[in-house]
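What follows is one structure encoded as structure tokens, with my remarks underneath.
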Amino acid sequence: LVVDLIRGKDVNEALRALTFLDKNDKRMVDVPVKYVGRTVNDKFLVGYGLDLEEKSRNLLMPVIQRIASSHAAETTTTSVQLPSDEMKGRIIGKEGRNIKVIEQLTGTEIIVDETPQMITVSGFSPIRRQIAKRALDKLIADGRIHPGRIEEAVEESKRELAIEIKKAGEDALYQLGITGIDPKLVSILGRLKFRTSYGQHILQHSIEVANLSALLAEELGANVNVAKQGGLFHDI
């Protein structure tokens, strides 16, 4: 109907056809186009809203339906449970000595308020917050809270976290069947385990995107391994 209107002799002179991309070689109907954004040759185009023989509009939904994954939300602060409120005073220490050492060594802020049996670790880096939380858990379990022991607990937490980060990266690669990745990049990937964005777990999100990319590449006949790696590392 639209084509008939455009081609009709009695069409209003104010009516003109406009197109963003014009493929002359693929045009099936001779339609006079007044305004053309760009004339392109007969090659495959990739971009938002572009289609492939009307397949793209029906491509994403089946791929998404084949991926089943959960979502995890995390707040920007980390809470540490205490056995009693008496522990708050011990963590603060005489004249704030202990809490200052913890904050300096971990690069975080320790918030002690009226919330019963709980303190809060605040900081821009989730890795630093995790180190502070683990160190505090060790100090609380041990019962000895002084600058020397605090330094030991922080160093122990850093070593443990480094091992866990590496394992998280290796597990993600194993899950996706990806090999031959530089060890430094594996550790960087593992750090995403402790990061969130808009309430979504970044490492889990990256694995999900890798699977989606692989399925899309499979549907399009592209290189599945390259697409999978691109999806996995897209947030790095």
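Letters for chains follow the order of the structure tokens (A, B, ...), residue numbers begin at 1 for each chain, and ligand numbers begin at 1 in the order shown.
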- Neighbour list for stretch 167-183 of chain A as number ranges by chain, cut-off 10 Å, only C-alpha atoms, skip fewer than 2 positions in-chain: A: 161-165, 185-194, 203-204, 206-208, 210-211, 214, 225-226, 228-229, 232
With N, CA, C and O atoms retained, export the selected residues as a tab-separated table (two decimals), in the first residue's frame.
```tsv
chain	number	residue	atom	x	y	z
A	161	LEU	N	42.82	-14.38	48.80
A	161	LEU	CA	41.99	-13.80	47.75
A	161	LEU	C	42.65	-13.93	46.38
A	161	LEU	O	41.98	-14.17	45.37
A	162	ALA	N	43.98	-13.78	46.33
A	162	ALA	CA	44.70	-13.93	45.06
A	162	ALA	C	44.52	-15.33	44.49
A	162	ALA	O	44.32	-15.51	43.28
A	163	ILE	N	44.56	-16.34	45.37
A	163	ILE	CA	44.36	-17.73	44.94
A	163	ILE	C	42.93	-17.92	44.45
A	163	ILE	O	42.69	-18.56	43.42
A	164	GLU	N	41.97	-17.36	45.18
A	164	GLU	CA	40.56	-17.50	44.80
A	164	GLU	C	40.27	-16.79	43.48
A	164	GLU	O	39.48	-17.28	42.66
A	165	ILE	N	40.89	-15.63	43.28
A	165	ILE	CA	40.70	-14.88	42.02
A	165	ILE	C	41.21	-15.69	40.84
A	165	ILE	O	40.55	-15.80	39.79
A	185	LEU	N	45.88	-12.40	32.24
A	185	LEU	CA	44.52	-12.14	31.83
A	185	LEU	C	43.54	-13.03	32.57
A	185	LEU	O	42.41	-12.63	32.85
A	186	VAL	N	43.98	-14.24	32.93
A	186	VAL	CA	43.14	-15.15	33.72
A	186	VAL	C	42.84	-14.53	35.08
A	186	VAL	O	41.71	-14.57	35.57
A	187	SER	N	43.86	-13.94	35.70
A	187	SER	CA	43.67	-13.30	37.01
A	187	SER	C	42.77	-12.07	36.91
A	187	SER	O	41.94	-11.83	37.78
A	188	ILE	N	42.96	-11.30	35.84
A	188	ILE	CA	42.10	-10.13	35.64
A	188	ILE	C	40.65	-10.56	35.47
A	188	ILE	O	39.72	-9.94	36.02
A	189	LEU	N	40.45	-11.65	34.74
A	189	LEU	CA	39.10	-12.19	34.57
A	189	LEU	C	38.51	-12.64	35.91
A	189	LEU	O	37.34	-12.38	36.21
A	190	GLY	N	39.34	-13.29	36.74
A	190	GLY	CA	38.88	-13.77	38.04
A	190	GLY	C	38.45	-12.65	38.97
A	190	GLY	O	37.57	-12.83	39.82
A	191	ARG	N	39.06	-11.46	38.83
A	191	ARG	CA	38.70	-10.32	39.68
A	191	ARG	C	37.25	-9.89	39.46
A	191	ARG	O	36.64	-9.27	40.33
A	192	LEU	N	36.71	-10.22	38.29
A	192	LEU	CA	35.32	-9.84	38.01
A	192	LEU	C	34.34	-10.57	38.91
A	192	LEU	O	33.17	-10.18	39.01
A	193	LYS	N	34.80	-11.63	39.58
A	193	LYS	CA	33.93	-12.35	40.51
A	193	LYS	C	33.45	-11.45	41.64
A	193	LYS	O	32.37	-11.64	42.19
A	194	PHE	N	34.26	-10.46	41.98
A	194	PHE	CA	33.93	-9.59	43.10
A	194	PHE	C	33.42	-8.22	42.64
A	194	PHE	O	33.38	-7.27	43.43
A	203	LEU	N	31.31	-11.33	36.47
A	203	LEU	CA	31.89	-12.55	35.92
A	203	LEU	C	30.79	-13.45	35.35
A	203	LEU	O	30.94	-14.01	34.26
A	204	GLN	N	29.72	-13.59	36.10
A	204	GLN	CA	28.60	-14.39	35.61
A	204	GLN	C	28.02	-13.79	34.33
A	204	GLN	O	27.68	-14.50	33.38
A	206	SER	N	29.67	-11.99	32.15
A	206	SER	CA	30.63	-12.20	31.07
A	206	SER	C	30.53	-13.61	30.50
A	206	SER	O	30.63	-13.81	29.28
A	207	ILE	N	30.33	-14.59	31.37
A	207	ILE	CA	30.16	-15.97	30.92
A	207	ILE	C	28.88	-16.09	30.10
A	207	ILE	O	28.84	-16.77	29.06
A	208	GLU	N	27.84	-15.42	30.56
A	208	GLU	CA	26.57	-15.44	29.84
A	208	GLU	C	26.72	-14.83	28.45
A	208	GLU	O	26.22	-15.37	27.45
A	210	ALA	N	29.45	-14.63	26.73
A	210	ALA	CA	30.29	-15.53	25.93
A	210	ALA	C	29.44	-16.63	25.30
A	210	ALA	O	29.60	-16.97	24.12
A	211	ASN	N	28.53	-17.19	26.08
A	211	ASN	CA	27.64	-18.23	25.56
A	211	ASN	C	26.70	-17.68	24.49
A	211	ASN	O	26.47	-18.32	23.46
A	214	ALA	N	28.68	-17.12	21.30
A	214	ALA	CA	28.98	-18.37	20.62
A	214	ALA	C	27.77	-18.89	19.85
A	214	ALA	O	27.90	-19.35	18.70
A	225	ASN	N	34.76	-19.72	18.36
A	225	ASN	CA	35.76	-19.52	19.41
A	225	ASN	C	36.12	-18.05	19.57
A	225	ASN	O	36.25	-17.55	20.69
A	226	VAL	N	36.29	-17.35	18.45
A	226	VAL	CA	36.62	-15.92	18.51
A	226	VAL	C	35.47	-15.14	19.13
A	226	VAL	O	35.68	-14.26	19.98
A	228	LYS	N	33.22	-16.27	21.19
A	228	LYS	CA	33.11	-16.65	22.61
A	228	LYS	C	34.12	-15.87	23.45
A	228	LYS	O	33.79	-15.35	24.52
A	229	GLN	N	35.36	-15.78	22.98
A	229	GLN	CA	36.38	-15.04	23.70
A	229	GLN	C	36.05	-13.55	23.75
A	229	GLN	O	36.25	-12.89	24.77
A	232	LEU	N	33.44	-13.05	26.38
A	232	LEU	CA	33.93	-13.26	27.74
A	232	LEU	C	34.75	-12.06	28.23
A	232	LEU	O	34.62	-11.64	29.38
```
- Task: Would you kindly return, as number ranges by chain, each protein, DNA or RNA residue with an atom no farther than 12 Å from any atom of A:Leu18, considering only C-alpha atoms and excluding same-chain residues fewer than 6 positions away?
- Result: A: 6, 31-38
Please produce an output containing N, CA, C and O atoms for each residue in the selection, written as an mmCIF file, in the first residue's frame.
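New file part-v9.cif:
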```cif
data_model
loop_
_atom_site.group_PDB
_atom_site.id
_atom_site.type_symbol
_atom_site.label_atom_id
_atom_site.label_comp_id
_atom_site.auth_asym_id
_atom_site.auth_seq_id
_atom_site.Cartn_x
_atom_site.Cartn_y
_atom_site.Cartn_z
ATOM 1 N N ILE A 6 3.310 5.871 -2.962
ATOM 2 C CA ILE A 6 4.481 6.632 -3.384
ATOM 3 C C ILE A 6 4.573 6.704 -4.908
ATOM 4 O O ILE A 6 4.923 7.731 -5.481
ATOM 5 N N VAL A 31 11.190 2.114 -6.375
ATOM 6 C CA VAL A 31 10.554 3.165 -5.568
ATOM 7 C C VAL A 31 11.418 4.406 -5.637
ATOM 8 O O VAL A 31 12.619 4.344 -5.353
ATOM 9 N N PRO A 32 10.858 5.524 -6.020
ATOM 10 C CA PRO A 32 11.643 6.764 -6.058
ATOM 11 C C PRO A 32 11.979 7.242 -4.646
ATOM 12 O O PRO A 32 11.088 7.520 -3.849
ATOM 13 N N VAL A 33 13.262 7.284 -4.340
ATOM 14 C CA VAL A 33 13.706 7.705 -3.009
ATOM 15 C C VAL A 33 14.305 9.096 -3.121
ATOM 16 O O VAL A 33 15.290 9.297 -3.832
ATOM 17 N N LYS A 34 13.717 10.033 -2.409
ATOM 18 C CA LYS A 34 14.149 11.420 -2.478
ATOM 19 C C LYS A 34 15.395 11.666 -1.631
ATOM 20 O O LYS A 34 16.323 12.346 -2.044
ATOM 21 N N TYR A 35 15.393 11.107 -0.412
ATOM 22 C CA TYR A 35 16.482 11.365 0.523
ATOM 23 C C TYR A 35 17.171 10.048 0.879
ATOM 24 O O TYR A 35 16.525 9.122 1.376
ATOM 25 N N VAL A 36 18.467 9.969 0.638
ATOM 26 C CA VAL A 36 19.251 8.764 0.915
ATOM 27 C C VAL A 36 20.390 9.121 1.859
ATOM 28 O O VAL A 36 21.183 10.026 1.576
ATOM 29 N N GLY A 37 20.452 8.389 2.979
ATOM 30 C CA GLY A 37 21.535 8.635 3.928
ATOM 31 C C GLY A 37 22.863 8.174 3.374
ATOM 32 O O GLY A 37 23.857 8.902 3.418
ATOM 33 N N ARG A 38 22.872 6.955 2.828
ATOM 34 C CA ARG A 38 24.106 6.416 2.267
ATOM 35 C C ARG A 38 23.773 5.296 1.297
ATOM 36 O O ARG A 38 22.941 4.438 1.583
#
```
Can you write out as a tab-separated table which residues of stretch 151-182 of chain A fall within 10 Å of stretch 102-110 of chain A, alongside each residue's closest atom pair and its distance in Å to one decimal, counting only C-alpha atoms and ordering rows by chain and ascending residue number?
```
residue	atom	partner	partner_atom	distance
A:Glu151	CA	A:Leu105	CA	7.4
A:Ala153	CA	A:Ile102	CA	9.7
A:Val154	CA	A:Leu105	CA	7.2
A:Glu155	CA	A:Leu105	CA	9.2
A:Lys158	CA	A:Thr106	CA	9.6
```
- Item | Distance query A:Ile91 at most 10 Å, only C-alpha atoms, self and fewer than 3 positions along chain excluded, as a ChimeraX atom specification | /A:86-88,94,96-100,102,110,112,119,136,139-140,144-146,150
If you keep N, CA and C atoms, can you produce a file of those selected residues as a PDB file, in the first residue's frame?
```
ATOM      1  N   GLU A  86      30.091  -5.741  71.995  1.00  0.00           N
ATOM      2  CA  GLU A  86      31.336  -5.469  72.706  1.00  0.00           C
ATOM      3  C   GLU A  86      32.534  -5.507  71.757  1.00  0.00           C
ATOM      4  N   MET A  87      32.381  -6.284  70.661  1.00  0.00           N
ATOM      5  CA  MET A  87      33.466  -6.428  69.693  1.00  0.00           C
ATOM      6  C   MET A  87      33.717  -5.117  68.933  1.00  0.00           C
ATOM      7  N   LYS A  88      32.725  -4.248  68.856  1.00  0.00           N
ATOM      8  CA  LYS A  88      32.904  -2.965  68.161  1.00  0.00           C
ATOM      9  C   LYS A  88      34.004  -2.135  68.823  1.00  0.00           C
ATOM     10  N   LYS A  94      41.978   1.458  71.334  1.00  0.00           N
ATOM     11  CA  LYS A  94      42.239   2.637  72.157  1.00  0.00           C
ATOM     12  C   LYS A  94      42.530   3.833  71.267  1.00  0.00           C
ATOM     13  N   GLY A  96      41.022   4.802  68.786  1.00  0.00           N
ATOM     14  CA  GLY A  96      40.810   4.491  67.373  1.00  0.00           C
ATOM     15  C   GLY A  96      42.026   3.880  66.694  1.00  0.00           C
ATOM     16  N   ARG A  97      42.953   3.352  67.482  1.00  0.00           N
ATOM     17  CA  ARG A  97      44.200   2.838  66.916  1.00  0.00           C
ATOM     18  C   ARG A  97      43.967   1.670  65.954  1.00  0.00           C
ATOM     19  N   ASN A  98      43.172   0.698  66.370  1.00  0.00           N
ATOM     20  CA  ASN A  98      42.972  -0.501  65.544  1.00  0.00           C
ATOM     21  C   ASN A  98      42.237  -0.196  64.237  1.00  0.00           C
ATOM     22  N   ILE A  99      41.172   0.551  64.342  1.00  0.00           N
ATOM     23  CA  ILE A  99      40.368   0.821  63.145  1.00  0.00           C
ATOM     24  C   ILE A  99      41.156   1.650  62.126  1.00  0.00           C
ATOM     25  N   LYS A 100      42.028   2.526  62.609  1.00  0.00           N
ATOM     26  CA  LYS A 100      42.862   3.316  61.700  1.00  0.00           C
ATOM     27  C   LYS A 100      43.835   2.426  60.930  1.00  0.00           C
ATOM     28  N   ILE A 102      43.423  -0.782  60.233  1.00  0.00           N
ATOM     29  CA  ILE A 102      42.639  -1.576  59.268  1.00  0.00           C
ATOM     30  C   ILE A 102      42.336  -0.743  58.025  1.00  0.00           C
ATOM     31  N   ILE A 110      35.849   1.867  57.604  1.00  0.00           N
ATOM     32  CA  ILE A 110      35.087   0.999  58.497  1.00  0.00           C
ATOM     33  C   ILE A 110      34.038   1.846  59.203  1.00  0.00           C
ATOM     34  N   VAL A 112      31.222   2.140  61.919  1.00  0.00           N
ATOM     35  CA  VAL A 112      30.678   1.555  63.146  1.00  0.00           C
ATOM     36  C   VAL A 112      29.533   2.446  63.608  1.00  0.00           C
ATOM     37  N   ILE A 119      29.143  -4.298  61.639  1.00  0.00           N
ATOM     38  CA  ILE A 119      29.862  -3.116  61.169  1.00  0.00           C
ATOM     39  C   ILE A 119      29.883  -3.176  59.637  1.00  0.00           C
ATOM     40  N   LEU A 136      38.815  -8.862  58.950  1.00  0.00           N
ATOM     41  CA  LEU A 136      37.991  -8.659  60.148  1.00  0.00           C
ATOM     42  C   LEU A 136      37.426  -9.983  60.660  1.00  0.00           C
ATOM     43  N   LEU A 139      40.178 -11.682  62.516  1.00  0.00           N
ATOM     44  CA  LEU A 139      40.452 -11.044  63.805  1.00  0.00           C
ATOM     45  C   LEU A 139      39.370 -11.373  64.828  1.00  0.00           C
ATOM     46  N   ILE A 140      38.132 -11.377  64.388  1.00  0.00           N
ATOM     47  CA  ILE A 140      37.015 -11.674  65.290  1.00  0.00           C
ATOM     48  C   ILE A 140      37.091 -13.117  65.774  1.00  0.00           C
ATOM     49  N   ARG A 144      42.354 -11.884  69.025  1.00  0.00           N
ATOM     50  CA  ARG A 144      43.473 -10.963  69.256  1.00  0.00           C
ATOM     51  C   ARG A 144      43.384  -9.841  68.230  1.00  0.00           C
ATOM     52  N   ILE A 145      43.117  -8.632  68.723  1.00  0.00           N
ATOM     53  CA  ILE A 145      42.975  -7.496  67.802  1.00  0.00           C
ATOM     54  C   ILE A 145      43.924  -6.387  68.232  1.00  0.00           C
ATOM     55  N   HIS A 146      45.044  -6.303  67.542  1.00  0.00           N
ATOM     56  CA  HIS A 146      46.029  -5.247  67.778  1.00  0.00           C
ATOM     57  C   HIS A 146      46.756  -5.011  66.457  1.00  0.00           C
ATOM     58  N   ILE A 150      46.595  -7.355  63.139  1.00  0.00           N
ATOM     59  CA  ILE A 150      45.804  -6.819  62.025  1.00  0.00           C
ATOM     60  C   ILE A 150      46.607  -6.913  60.724  1.00  0.00           C
TER      61      ILE A 150
END
```
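When only C-alpha atoms are used to compute distances to A:Lys138, the closest of the residues A:Ser213, A:Thr120, A:Gln81, A:Asn41 turns out to be A:Gln81.
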- Message: From the options A:Ser125, A:Ser157, A:Gln117, A:Ser79, which residue's atoms come nearest to A:Arg195, counting only C-alpha atoms?
- Response: A:Ser125
- Message: Please identify the helix (DSSP H, G or I) residues within chain A (assignment by DSSP from backbone atoms) and present them as a ChimeraX atom specification.
- Response: /A:2-7,24-26,56-58,60-65,86-92,94-106,126-142,147-176,183-194,202-220,224-232
- In terms of only C-alpha atoms, the residue from A:Leu220, A:Ile127, A:Val209, A:Leu82 at minimal distance from A:Thr196 is A:Ile127
- Message: Can you measure atom CA of A:Lys43 to atom CA of A:Val224 for me? One decimal in Å is fine.
- Response: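 Value for the atom CA of A:Lys43-atom CA of A:Val224 distance: 21.2 Å.
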